[in-house]
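One structure below.
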Amino acid sequence: MSEKQSPLILLRGLRKEFNSLVAVEGLDLEIQEGEFMCFLGPSGCGKTTTLRMIAGLETPTAGDIFLRGERINDLPPQQRRVGFVFQNYALFWHATVYDNLAFGLKIRGVPKEEIDRRVRETAERFELSPLLKTKASRLSLSAMQRVALGRTLLTEPQVFLLDEPLNNIRPGLREIMRAELKRLQKQLGRTMIYVTHDQEEAMTLGDRILVMNMGRAEQLASPRQIYHHPETLFVAGFIGRPPMNFLETRYRVEGERAFLARGNLRWDVSEKKSIIEEKVQGDRIVLGIRPEHILPIAEARGKGLTGQAVPVRVDLVQPLARQKIVDLKLEDQVIKMLVPGASPIARGEELEVIFDPKKMHLFDQETERAIV
Amino acid sequence: MASVQVEQLRKAYRGVEAVKGISFMVEDGEFFCLLGPPGAGKTTILRIIAGLEKPDQGDVYLGGERVNEVHPMERDVAMIFEDPALYPHMTAYDNLAHPLRLRKLPKAEIDRKVREVAEVLHITHLLDRRPDAFSGGERRRVAIGRALVRRPRVLLLDQPLTDLDAWLRQEMTGELKRLQREMGQTMIYATHDFEEAVTMADRIMVMNEGMVEQLATPEEVYDQPRSAFVASFVGSPAMNLIPCQAELRDDRLVLSCAAFHLPLTKKVGADLTSQGLLLGIRPEHVTIVEGAGQEGIAATVDIVQPLGDEQIVDLSLKDGTIIKMIVPLEVELAPADKLLVSFSQDRLSLFDAQSGKRIE
């Protein structure tokens, strides 16, 4: 072992095959004590399989799992001291909150008085004290979540594993429960690994996010880093709502200046000339721009932004609470722009927009990797 | 296409009233949303319009004609459920063509209509395939196509996107809206997801416990919620609702609670000093007060949640009340930071704490 303290969890070359299907393909990852880690990706990306391997519910085909430096591949689930919180919370619906909380301690033969003390302590901490005699089936979703977490906490896990626990909860309530979970995690100071397909959850909850796709890690970074500097086309398209717009362009050089060209449109990328020429083989570059970084020309000029004026026609305006999503027809393609709710933009309108030059993302169309 | 009118509708199941005397009118070609939590009565209303349930009281009109006694098959109404069933042994083409074949339309016309709808829904490439190979989004598209292909007078949708992934749901809301515009189809769409409602609807009817809380455009519902229920149900994150009292100080109305005193700049008609109030302020209308010597409400940053180019910040006020604020991502904030905030006065909502009704 190295001198520095080993991470709470270390995954090395983790691989899982189901029959001939590769679910997880050689994953390396370190998770630190007290960290809120999110595994994010579409269904089938391998995030849940990874979580289940950490829990011991699946056996890896290859690779190792370490908990505090100790290899736990062969340890049965109940000896790993991981707490698994399932999507539907898996409470005992006919039992009271008290009995749900006490269950894990009872089966371990903890003396009655100690069970009582610890259940009440936990109930207090999770604001469940008034509900101790309530049946689980009668609880609000938020209370169910707290019971599930409290019950898991009482088993004294070294790490909480959560599999999409906020799925199917209506917006509005979801934000409240999300904030509660994050607050709780910080208060408890416990490590949590949280699996989700919802980028909004991962962005708001995670200290770091592992974005997965087809069994592989696409990017591991903080939410801000992932939003501002997506490393692949996949991550760029998966993070952000509505997703980033992509335009296929050709790289063109005229003297000292370099451009991305698309029909009559040209975006100056002279500042990135050397890096583009170093990194990109062909001339095909995908220009990525987030909907919130496209501005009507008047507004852009007001902010001192310059660049190619892109002529578009407004195809659809969708209000989105405090903002509006505007679908813009650019030749045969539709791109999305996000504007404040008060914007007067209307369907059928012709206008010019600017892509904020500092917020443009460039990707090699061949490798689908960001050019940085 | 047709308008839909519902008059004084009532329906109880085993003595429990699911719909408590509701009336509304959906215009021909309108996208109308029923929004509310489970148990609000949304599905019951759809089923009554479709003719799948008989109302205990009240009338249903389609295109001006009373249809209470008309058999569901003859109402020319299509309904799409939460988990739409497709014929598993038929290709997507046959699934779409089925309702037209039942009506004995000429083959060429069926073919034209099926391809037209498939085109609009981007499912042309699926036509030769069977549903068991479809993803959730593809199944939804085919089901919607099958309902649309016969151009029903009214299309009823009961939470058709609920269990789809967030990004797919958003893509489909855009498509549905575009489709509805292009075809001029009258649609009534039930959902518990306010974002779906706000994104697609011409008008939204917010429901709770079998009653109407508000019927208005998405903008009105968001900016001028008629009740604390609407305020807390519409918005992500929801509107902050802070219990307070009003007192008169030097002829000015001051809202007081444990954490702050807020002099009101706007005029309020009623005398509010004798009742409990809820002060409503949306997270995006909470702003940080900058510069020395400024007044504001003292707050401590509790947690910070980045979201796109913004961040949701939970603030803890003096008395422990938590409120949410949305600020640009550039603003650097960390837990335990102390700051002063203010509420945009022209964006304040006031509600009666007892009845939950909005106070102007």
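Letters A, B, ... mark the chains of the structure tokens in the order given; residue numbers begin at 1 per chain; ligand numbers begin at 1, in order shown.
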With a cut-off of 10 Å and counting only C-alpha atoms, select all residues of chain A in contact with chain B and give the selection as JSON, numbers by chain. {"A": [42, 43, 167, 168, 169, 170, 171, 172, 173, 174, 175, 176, 178, 179, 180, 182, 183, 186, 197, 198, 199, 200, 201, 202, 203, 204, 205, 206, 207, 223, 224, 227, 228, 238, 239, 240, 241, 242, 243, 290, 292, 293, 315, 316, 317, 318, 319, 320, 321, 322, 324, 325, 327, 341, 342]}
Can you list, as a PyMOL selection string, every protein, DNA or RNA residue that comes within 12 Å of Leu351 (chain A) when you count only C-alpha atoms, leaving out same-chain residues fewer than 5 positions away? chain A and resi 295-298+309-315+326+328-330+345-346
Could you write those residues out with N, CA, C and O atoms, as a short mmCIF file (atom, residue, chain, number, x, y, z; two decimals), in the first residue's frame?
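Resulting contents of result.cif:
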data_model
loop_
_atom_site.label_atom_id
_atom_site.label_comp_id
_atom_site.auth_asym_id
_atom_site.auth_seq_id
_atom_site.Cartn_x
_atom_site.Cartn_y
_atom_site.Cartn_z
N LEU A 295 -27.79 33.80 -27.97
CA LEU A 295 -28.49 35.03 -27.62
C LEU A 295 -29.01 35.72 -28.87
O LEU A 295 -28.33 35.73 -29.90
N PRO A 296 -30.20 36.35 -28.76
CA PRO A 296 -30.64 37.21 -29.85
C PRO A 296 -29.60 38.31 -30.06
O PRO A 296 -28.97 38.76 -29.09
N ILE A 297 -29.45 38.75 -31.30
CA ILE A 297 -28.30 39.58 -31.64
C ILE A 297 -28.26 40.89 -30.84
O ILE A 297 -27.18 41.31 -30.38
N ALA A 298 -29.42 41.50 -30.62
CA ALA A 298 -29.44 42.78 -29.91
C ALA A 298 -28.88 42.61 -28.50
O ALA A 298 -28.05 43.39 -28.04
N ALA A 309 -23.34 36.30 -37.02
CA ALA A 309 -24.79 36.41 -36.83
C ALA A 309 -25.43 35.25 -37.59
O ALA A 309 -25.19 35.05 -38.76
N VAL A 310 -26.22 34.46 -36.86
CA VAL A 310 -26.82 33.27 -37.47
C VAL A 310 -28.29 33.55 -37.74
O VAL A 310 -29.06 33.76 -36.80
N PRO A 311 -28.70 33.57 -39.01
CA PRO A 311 -30.10 33.84 -39.32
C PRO A 311 -30.96 32.60 -39.08
O PRO A 311 -30.63 31.52 -39.56
N VAL A 312 -32.03 32.75 -38.32
CA VAL A 312 -32.88 31.61 -38.00
C VAL A 312 -34.35 32.03 -38.05
O VAL A 312 -34.67 33.22 -38.06
N ARG A 313 -35.22 31.02 -38.10
CA ARG A 313 -36.65 31.28 -38.00
C ARG A 313 -37.19 30.55 -36.78
O ARG A 313 -36.83 29.40 -36.53
N VAL A 314 -38.04 31.24 -36.02
CA VAL A 314 -38.57 30.63 -34.80
C VAL A 314 -39.65 29.60 -35.17
O VAL A 314 -40.65 29.93 -35.79
N ASP A 315 -39.40 28.38 -34.78
CA ASP A 315 -40.27 27.27 -35.16
C ASP A 315 -41.29 26.95 -34.06
O ASP A 315 -42.42 26.57 -34.33
N VAL A 326 -36.84 28.00 -27.10
CA VAL A 326 -37.21 28.45 -28.43
C VAL A 326 -36.53 27.53 -29.44
O VAL A 326 -35.31 27.39 -29.43
N LEU A 328 -35.26 26.96 -32.99
CA LEU A 328 -34.88 27.81 -34.11
C LEU A 328 -34.55 26.94 -35.30
O LEU A 328 -33.79 25.98 -35.19
N LYS A 329 -35.10 27.30 -36.44
CA LYS A 329 -34.81 26.55 -37.66
C LYS A 329 -33.60 27.20 -38.31
O LYS A 329 -33.63 28.37 -38.68
N LEU A 330 -32.52 26.41 -38.39
CA LEU A 330 -31.31 26.89 -39.06
C LEU A 330 -31.13 25.99 -40.28
O LEU A 330 -30.73 24.84 -40.13
N ILE A 345 -40.24 36.86 -27.95
CA ILE A 345 -40.03 36.10 -29.18
C ILE A 345 -41.25 35.23 -29.50
O ILE A 345 -41.79 34.56 -28.63
N ALA A 346 -41.68 35.26 -30.77
CA ALA A 346 -42.89 34.52 -31.15
C ALA A 346 -42.63 33.63 -32.35
O ALA A 346 -41.70 33.84 -33.12
#
What parts of region 58-289 of chain B does DSSP call alpha helix (DSSP H)? I'd like the answer as a ChimeraX atom specification. /B:92-102,107-120,136-148,166-183,194-200,218-223,228-233
Hey, what's within 7 Å of Ile9 (chain A) if we count only C-alpha atoms and toss same-chain stuff fewer than 5 positions away? As a list in words, please? Glu30, Ile31, Gln32, Phe66, Leu67 and Arg68 of chain A
For Leu11 (chain A), which residue among A:Met37, A:Met144, A:Ile65, A:Val97 is the nearest when counting only C-alpha atoms? A:Ile65
Counting only C-alpha atoms, the option among A:Phe92, A:Phe86, A:Phe363, A:Phe36 closest to Gly104 (chain A):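 Closest residue, counting only C-alpha atoms: A:Phe92.
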Neighbours of Leu154 (chain A) within 8 Å (only C-alpha atoms; same-chain residues fewer than 3 positions away dropped), as a list of chain:residue names?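 Skipping anything fewer than 3 positions along the chain leaves A:Leu101, A:Gly104, A:Leu105, A:Arg118, A:Val119, A:Thr122, A:Gly150, A:Arg151, A:Pro157.
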Would you give me, as a short mmCIF file (atom, residue, chain, number, x, y, z; two decimals) with all heavy atoms, in the first residue's frame, the residues in region 183-291 of chain B that DSSP reads as strand (DSSP E or B)?
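Output (out.cif):
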data_model
loop_
_atom_site.label_atom_id
_atom_site.label_comp_id
_atom_site.auth_asym_id
_atom_site.auth_seq_id
_atom_site.Cartn_x
_atom_site.Cartn_y
_atom_site.Cartn_z
N MET B 187 -56.73 18.43 -27.62
CA MET B 187 -56.12 17.46 -26.71
C MET B 187 -56.39 17.84 -25.28
O MET B 187 -56.30 19.00 -24.91
CB MET B 187 -54.60 17.42 -26.90
CG MET B 187 -54.12 16.71 -28.14
SD MET B 187 -52.35 16.34 -27.97
CE MET B 187 -51.96 15.91 -29.68
N ILE B 188 -56.71 16.84 -24.48
CA ILE B 188 -56.78 17.03 -23.02
C ILE B 188 -55.76 16.08 -22.41
O ILE B 188 -55.79 14.88 -22.66
CB ILE B 188 -58.19 16.76 -22.46
CG1 ILE B 188 -59.21 17.58 -23.24
CG2 ILE B 188 -58.24 17.09 -20.98
CD1 ILE B 188 -60.64 17.42 -22.73
N TYR B 189 -54.86 16.65 -21.65
CA TYR B 189 -53.67 15.94 -21.22
C TYR B 189 -53.60 15.99 -19.69
O TYR B 189 -53.55 17.08 -19.11
CB TYR B 189 -52.47 16.64 -21.85
CG TYR B 189 -51.13 15.97 -21.66
CD1 TYR B 189 -50.52 15.32 -22.73
CD2 TYR B 189 -50.45 16.02 -20.45
CE1 TYR B 189 -49.28 14.73 -22.59
CE2 TYR B 189 -49.22 15.42 -20.30
CZ TYR B 189 -48.64 14.77 -21.38
OH TYR B 189 -47.41 14.18 -21.25
N ALA B 190 -53.62 14.83 -19.06
CA ALA B 190 -53.56 14.80 -17.59
C ALA B 190 -52.15 14.47 -17.14
O ALA B 190 -51.51 13.58 -17.70
CB ALA B 190 -54.53 13.74 -17.05
N THR B 191 -51.66 15.22 -16.17
CA THR B 191 -50.30 14.97 -15.67
C THR B 191 -50.15 15.48 -14.24
O THR B 191 -50.89 16.36 -13.80
CB THR B 191 -49.25 15.64 -16.58
OG1 THR B 191 -47.95 15.37 -16.06
CG2 THR B 191 -49.45 17.13 -16.66
N ARG B 203 -53.88 26.18 -22.01
CA ARG B 203 -54.39 26.52 -20.68
C ARG B 203 -54.23 25.32 -19.76
O ARG B 203 -54.23 24.18 -20.21
CB ARG B 203 -55.86 26.92 -20.73
CG ARG B 203 -56.06 28.34 -21.29
CD ARG B 203 -57.51 28.77 -21.18
NE ARG B 203 -58.38 27.80 -21.82
CZ ARG B 203 -59.66 27.63 -21.47
NH1 ARG B 203 -60.19 28.33 -20.49
NH2 ARG B 203 -60.41 26.74 -22.10
N ILE B 204 -54.09 25.61 -18.48
CA ILE B 204 -53.92 24.56 -17.47
C ILE B 204 -55.04 24.66 -16.45
O ILE B 204 -55.37 25.76 -16.00
CB ILE B 204 -52.57 24.74 -16.71
CG1 ILE B 204 -51.39 24.63 -17.68
CG2 ILE B 204 -52.43 23.72 -15.59
CD1 ILE B 204 -50.06 24.96 -17.04
N MET B 205 -55.63 23.52 -16.11
CA MET B 205 -56.56 23.49 -15.00
C MET B 205 -55.86 22.76 -13.85
O MET B 205 -55.63 21.56 -13.94
CB MET B 205 -57.85 22.78 -15.38
CG MET B 205 -58.90 22.81 -14.30
SD MET B 205 -60.56 22.43 -14.94
CE MET B 205 -60.58 20.67 -14.67
N VAL B 206 -55.50 23.51 -12.81
CA VAL B 206 -54.84 22.89 -11.66
C VAL B 206 -55.90 22.34 -10.73
O VAL B 206 -56.84 23.05 -10.36
CB VAL B 206 -53.94 23.90 -10.91
CG1 VAL B 206 -53.14 23.18 -9.82
CG2 VAL B 206 -53.01 24.63 -11.85
N MET B 207 -55.78 21.07 -10.39
CA MET B 207 -56.79 20.41 -9.57
C MET B 207 -56.19 19.88 -8.29
O MET B 207 -55.02 19.53 -8.23
CB MET B 207 -57.40 19.23 -10.34
CG MET B 207 -58.11 19.63 -11.62
SD MET B 207 -58.69 18.16 -12.48
CE MET B 207 -59.81 17.49 -11.26
N ASN B 208 -57.05 19.81 -7.26
CA ASN B 208 -56.64 19.20 -6.00
C ASN B 208 -57.88 18.63 -5.33
O ASN B 208 -58.90 19.32 -5.23
CB ASN B 208 -55.98 20.24 -5.10
CG ASN B 208 -55.38 19.62 -3.86
OD1 ASN B 208 -54.98 18.45 -3.87
ND2 ASN B 208 -55.35 20.38 -2.79
N MET B 211 -61.34 19.20 -6.90
CA MET B 211 -61.81 20.57 -7.16
C MET B 211 -60.79 21.34 -7.99
O MET B 211 -59.62 20.99 -8.06
CB MET B 211 -62.07 21.29 -5.85
CG MET B 211 -63.26 20.69 -5.12
SD MET B 211 -63.82 21.70 -3.76
CE MET B 211 -62.61 21.34 -2.53
N VAL B 212 -61.28 22.43 -8.62
CA VAL B 212 -60.42 23.26 -9.44
C VAL B 212 -59.76 24.32 -8.57
O VAL B 212 -60.44 25.06 -7.87
CB VAL B 212 -61.22 23.95 -10.57
CG1 VAL B 212 -60.31 24.85 -11.39
CG2 VAL B 212 -61.88 22.90 -11.45
N GLU B 213 -58.44 24.37 -8.60
CA GLU B 213 -57.72 25.40 -7.85
C GLU B 213 -57.52 26.65 -8.71
O GLU B 213 -57.56 27.76 -8.23
CB GLU B 213 -56.35 24.87 -7.41
CG GLU B 213 -56.41 23.79 -6.35
CD GLU B 213 -56.48 24.36 -4.94
OE1 GLU B 213 -56.09 25.51 -4.74
OE2 GLU B 213 -56.95 23.63 -4.04
N GLN B 214 -57.26 26.42 -10.00
CA GLN B 214 -57.06 27.54 -10.91
C GLN B 214 -57.17 27.06 -12.35
O GLN B 214 -56.73 25.95 -12.67
CB GLN B 214 -55.66 28.17 -10.69
CG GLN B 214 -55.40 29.41 -11.54
CD GLN B 214 -54.19 30.21 -11.08
OE1 GLN B 214 -53.41 29.74 -10.26
NE2 GLN B 214 -54.03 31.41 -11.61
N LEU B 215 -57.77 27.88 -13.21
CA LEU B 215 -57.81 27.57 -14.64
C LEU B 215 -57.29 28.80 -15.37
O LEU B 215 -57.93 29.85 -15.34
CB LEU B 215 -59.24 27.24 -15.07
CG LEU B 215 -59.43 26.45 -16.37
CD1 LEU B 215 -60.88 26.11 -16.60
CD2 LEU B 215 -58.85 27.11 -17.59
N ALA B 216 -56.12 28.68 -16.01
CA ALA B 216 -55.51 29.86 -16.60
C ALA B 216 -54.40 29.45 -17.56
O ALA B 216 -54.11 28.25 -17.71
CB ALA B 216 -54.93 30.75 -15.50
N SER B 227 -53.79 30.19 -5.37
CA SER B 227 -53.79 29.62 -4.01
C SER B 227 -52.39 29.16 -3.65
O SER B 227 -51.53 28.99 -4.51
CB SER B 227 -54.76 28.44 -3.93
OG SER B 227 -54.30 27.39 -4.74
N ASN B 240 -41.24 29.62 -2.44
CA ASN B 240 -41.07 29.67 -0.99
C ASN B 240 -42.34 30.22 -0.37
O ASN B 240 -42.87 31.23 -0.84
CB ASN B 240 -39.92 30.61 -0.62
CG ASN B 240 -38.58 30.12 -1.14
OD1 ASN B 240 -38.13 29.04 -0.79
ND2 ASN B 240 -37.94 30.92 -1.99
N LEU B 241 -42.83 29.57 0.67
CA LEU B 241 -44.02 30.06 1.39
C LEU B 241 -43.62 30.26 2.85
O LEU B 241 -43.27 29.30 3.53
CB LEU B 241 -45.17 29.06 1.27
CG LEU B 241 -45.77 28.89 -0.13
CD1 LEU B 241 -46.77 27.74 -0.15
CD2 LEU B 241 -46.44 30.17 -0.60
N ILE B 242 -43.64 31.50 3.29
CA ILE B 242 -43.15 31.81 4.63
C ILE B 242 -44.30 32.34 5.48
O ILE B 242 -44.90 33.36 5.15
CB ILE B 242 -42.02 32.87 4.55
CG1 ILE B 242 -40.95 32.43 3.55
CG2 ILE B 242 -41.42 33.13 5.93
CD1 ILE B 242 -39.99 33.52 3.15
N PRO B 243 -44.62 31.65 6.59
CA PRO B 243 -45.71 32.13 7.45
C PRO B 243 -45.33 33.48 8.07
O PRO B 243 -44.19 33.67 8.51
CB PRO B 243 -45.80 31.06 8.55
CG PRO B 243 -45.04 29.88 8.03
CD PRO B 243 -44.01 30.42 7.10
N CYS B 244 -46.27 34.42 8.07
CA CYS B 244 -45.97 35.73 8.67
C CYS B 244 -47.26 36.41 9.11
O CYS B 244 -48.35 35.91 8.89
CB CYS B 244 -45.19 36.60 7.69
SG CYS B 244 -46.07 36.95 6.17
N GLN B 245 -47.11 37.56 9.74
CA GLN B 245 -48.22 38.40 10.18
C GLN B 245 -48.04 39.77 9.56
O GLN B 245 -46.92 40.16 9.26
CB GLN B 245 -48.19 38.56 11.71
CG GLN B 245 -48.37 37.28 12.49
CD GLN B 245 -49.83 36.87 12.55
OE1 GLN B 245 -50.72 37.70 12.40
NE2 GLN B 245 -50.08 35.58 12.75
N ALA B 246 -49.15 40.49 9.39
CA ALA B 246 -49.04 41.86 8.90
C ALA B 246 -49.31 42.82 10.04
O ALA B 246 -50.19 42.59 10.86
CB ALA B 246 -50.03 42.09 7.77
N GLU B 247 -48.54 43.88 10.13
CA GLU B 247 -48.83 44.92 11.11
C GLU B 247 -48.71 46.28 10.44
O GLU B 247 -48.00 46.44 9.46
CB GLU B 247 -47.86 44.85 12.31
CG GLU B 247 -46.72 43.90 12.14
CD GLU B 247 -45.80 43.83 13.34
OE1 GLU B 247 -45.09 44.83 13.55
OE2 GLU B 247 -45.80 42.79 14.02
N LEU B 248 -49.45 47.24 11.00
CA LEU B 248 -49.37 48.61 10.48
C LEU B 248 -48.33 49.38 11.26
O LEU B 248 -48.36 49.42 12.48
CB LEU B 248 -50.73 49.29 10.61
CG LEU B 248 -51.67 49.13 9.43
CD1 LEU B 248 -53.01 49.78 9.74
CD2 LEU B 248 -51.08 49.73 8.15
N ARG B 249 -47.37 49.97 10.54
CA ARG B 249 -46.37 50.81 11.20
C ARG B 249 -46.28 52.10 10.41
O ARG B 249 -45.91 52.07 9.23
CB ARG B 249 -44.99 50.14 11.17
CG ARG B 249 -44.84 49.02 12.16
CD ARG B 249 -43.38 48.62 12.22
NE ARG B 249 -43.25 47.31 12.84
CZ ARG B 249 -42.10 46.64 12.87
NH1 ARG B 249 -41.02 47.15 12.30
NH2 ARG B 249 -42.05 45.46 13.45
N ARG B 252 -47.79 52.15 7.11
CA ARG B 252 -47.29 51.20 6.12
C ARG B 252 -47.50 49.79 6.63
O ARG B 252 -47.35 49.52 7.81
CB ARG B 252 -45.79 51.43 5.85
CG ARG B 252 -45.53 52.60 4.96
CD ARG B 252 -44.05 52.72 4.71
NE ARG B 252 -43.60 51.81 3.66
CZ ARG B 252 -42.31 51.64 3.37
NH1 ARG B 252 -41.38 52.25 4.08
NH2 ARG B 252 -41.97 50.85 2.39
N LEU B 253 -47.81 48.90 5.68
CA LEU B 253 -48.01 47.51 6.05
C LEU B 253 -46.65 46.82 6.11
O LEU B 253 -45.86 46.90 5.17
CB LEU B 253 -48.91 46.84 5.01
CG LEU B 253 -49.76 45.68 5.50
CD1 LEU B 253 -50.55 46.05 6.74
CD2 LEU B 253 -50.69 45.22 4.39
N VAL B 254 -46.38 46.18 7.23
CA VAL B 254 -45.11 45.48 7.38
C VAL B 254 -45.40 43.99 7.62
O VAL B 254 -46.20 43.65 8.47
CB VAL B 254 -44.32 46.05 8.58
CG1 VAL B 254 -43.01 45.28 8.77
CG2 VAL B 254 -44.04 47.53 8.37
N LEU B 255 -44.74 43.15 6.82
CA LEU B 255 -44.87 41.71 7.03
C LEU B 255 -43.82 41.28 8.04
O LEU B 255 -42.64 41.58 7.86
CB LEU B 255 -44.67 40.95 5.72
CG LEU B 255 -45.70 41.19 4.63
CD1 LEU B 255 -45.36 40.35 3.41
CD2 LEU B 255 -47.10 40.87 5.12
N SER B 256 -44.25 40.59 9.08
CA SER B 256 -43.30 40.21 10.13
C SER B 256 -43.32 38.71 10.34
O SER B 256 -44.37 38.09 10.36
CB SER B 256 -43.69 40.86 11.45
OG SER B 256 -43.59 42.25 11.33
N HIS B 261 -38.55 41.57 9.14
CA HIS B 261 -39.69 42.47 8.97
C HIS B 261 -39.56 43.08 7.59
O HIS B 261 -38.51 43.59 7.23
CB HIS B 261 -39.67 43.58 10.03
CG HIS B 261 -39.73 43.02 11.42
ND1 HIS B 261 -40.89 42.59 11.99
CD2 HIS B 261 -38.74 42.80 12.33
CE1 HIS B 261 -40.63 42.13 13.21
NE2 HIS B 261 -39.33 42.24 13.43
N LEU B 262 -40.62 43.02 6.83
CA LEU B 262 -40.54 43.46 5.44
C LEU B 262 -41.64 44.48 5.16
O LEU B 262 -42.81 44.12 5.07
CB LEU B 262 -40.69 42.25 4.52
CG LEU B 262 -40.50 42.48 3.04
CD1 LEU B 262 -39.04 42.77 2.73
CD2 LEU B 262 -40.96 41.25 2.26
N PRO B 263 -41.27 45.78 5.05
CA PRO B 263 -42.28 46.79 4.71
C PRO B 263 -42.77 46.55 3.28
O PRO B 263 -41.96 46.34 2.38
CB PRO B 263 -41.51 48.11 4.79
CG PRO B 263 -40.21 47.79 5.45
CD PRO B 263 -39.93 46.35 5.20
N LEU B 277 -50.79 34.94 7.53
CA LEU B 277 -50.50 35.06 6.10
C LEU B 277 -49.38 34.12 5.69
O LEU B 277 -48.59 33.67 6.52
CB LEU B 277 -50.06 36.49 5.78
CG LEU B 277 -51.04 37.61 6.07
CD1 LEU B 277 -50.36 38.95 5.86
CD2 LEU B 277 -52.27 37.50 5.19
N LEU B 278 -49.35 33.85 4.39
CA LEU B 278 -48.19 33.18 3.81
C LEU B 278 -47.60 34.12 2.78
O LEU B 278 -48.30 34.58 1.87
CB LEU B 278 -48.60 31.87 3.13
CG LEU B 278 -49.00 30.70 4.01
CD1 LEU B 278 -49.56 29.57 3.17
CD2 LEU B 278 -47.80 30.23 4.83
N LEU B 279 -46.33 34.41 2.94
CA LEU B 279 -45.63 35.22 1.96
C LEU B 279 -45.03 34.27 0.93
O LEU B 279 -44.30 33.35 1.28
CB LEU B 279 -44.52 36.01 2.67
CG LEU B 279 -43.38 36.56 1.82
CD1 LEU B 279 -43.89 37.58 0.84
CD2 LEU B 279 -42.33 37.20 2.72
N GLY B 280 -45.38 34.48 -0.34
CA GLY B 280 -44.87 33.61 -1.40
C GLY B 280 -43.85 34.34 -2.25
O GLY B 280 -44.11 35.45 -2.71
N ILE B 281 -42.69 33.72 -2.43
CA ILE B 281 -41.68 34.33 -3.29
C ILE B 281 -40.95 33.20 -4.03
O ILE B 281 -40.52 32.23 -3.40
CB ILE B 281 -40.70 35.23 -2.48
CG1 ILE B 281 -39.71 35.95 -3.39
CG2 ILE B 281 -39.95 34.44 -1.42
CD1 ILE B 281 -40.27 37.18 -4.05
N VAL B 286 -35.54 35.84 -5.32
CA VAL B 286 -34.73 36.13 -4.13
C VAL B 286 -33.37 36.55 -4.66
O VAL B 286 -32.76 35.83 -5.45
CB VAL B 286 -34.59 34.89 -3.23
CG1 VAL B 286 -33.72 35.20 -2.02
CG2 VAL B 286 -35.95 34.38 -2.79
N THR B 287 -32.91 37.75 -4.28
CA THR B 287 -31.63 38.21 -4.82
C THR B 287 -30.68 38.59 -3.70
O THR B 287 -31.10 38.93 -2.59
CB THR B 287 -31.83 39.44 -5.73
OG1 THR B 287 -32.67 40.37 -5.05
CG2 THR B 287 -32.48 39.05 -7.04
N ILE B 288 -29.40 38.51 -4.02
CA ILE B 288 -28.38 38.85 -3.03
C ILE B 288 -28.20 40.36 -3.00
O ILE B 288 -28.10 41.00 -4.04
CB ILE B 288 -27.04 38.17 -3.38
CG1 ILE B 288 -27.22 36.65 -3.40
CG2 ILE B 288 -25.95 38.57 -2.40
CD1 ILE B 288 -26.00 35.89 -3.86
#
Show me, as a PyMOL selection string, the residues that have an atom within 6 Å of region 128-140 of chain A when counting only C-alpha atoms, minus same-chain residues fewer than 4 positions from it. chain A and resi 93-98+123-124+144
Using only C-alpha atoms for the distances, tell me which of B:Val4, B:Val117, B:Val16, B:Ile326 is nearest to Ile48 (chain B).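 The shortest atom-to-atom distance to Ile48 (chain B) comes from B:Val4.
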Go through B:Glu7, B:Glu220, B:Glu209, B:Asp158 and flag the residue nearest Gly41 (chain B), using only C-alpha atoms for the distances. B:Glu209
Go through A:Met177, A:Ile285, A:Val85, A:Ala236 and flag the residue nearest Val159 (chain A), using only C-alpha atoms for the distances.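 Closest residue, counting only C-alpha atoms: A:Val85.
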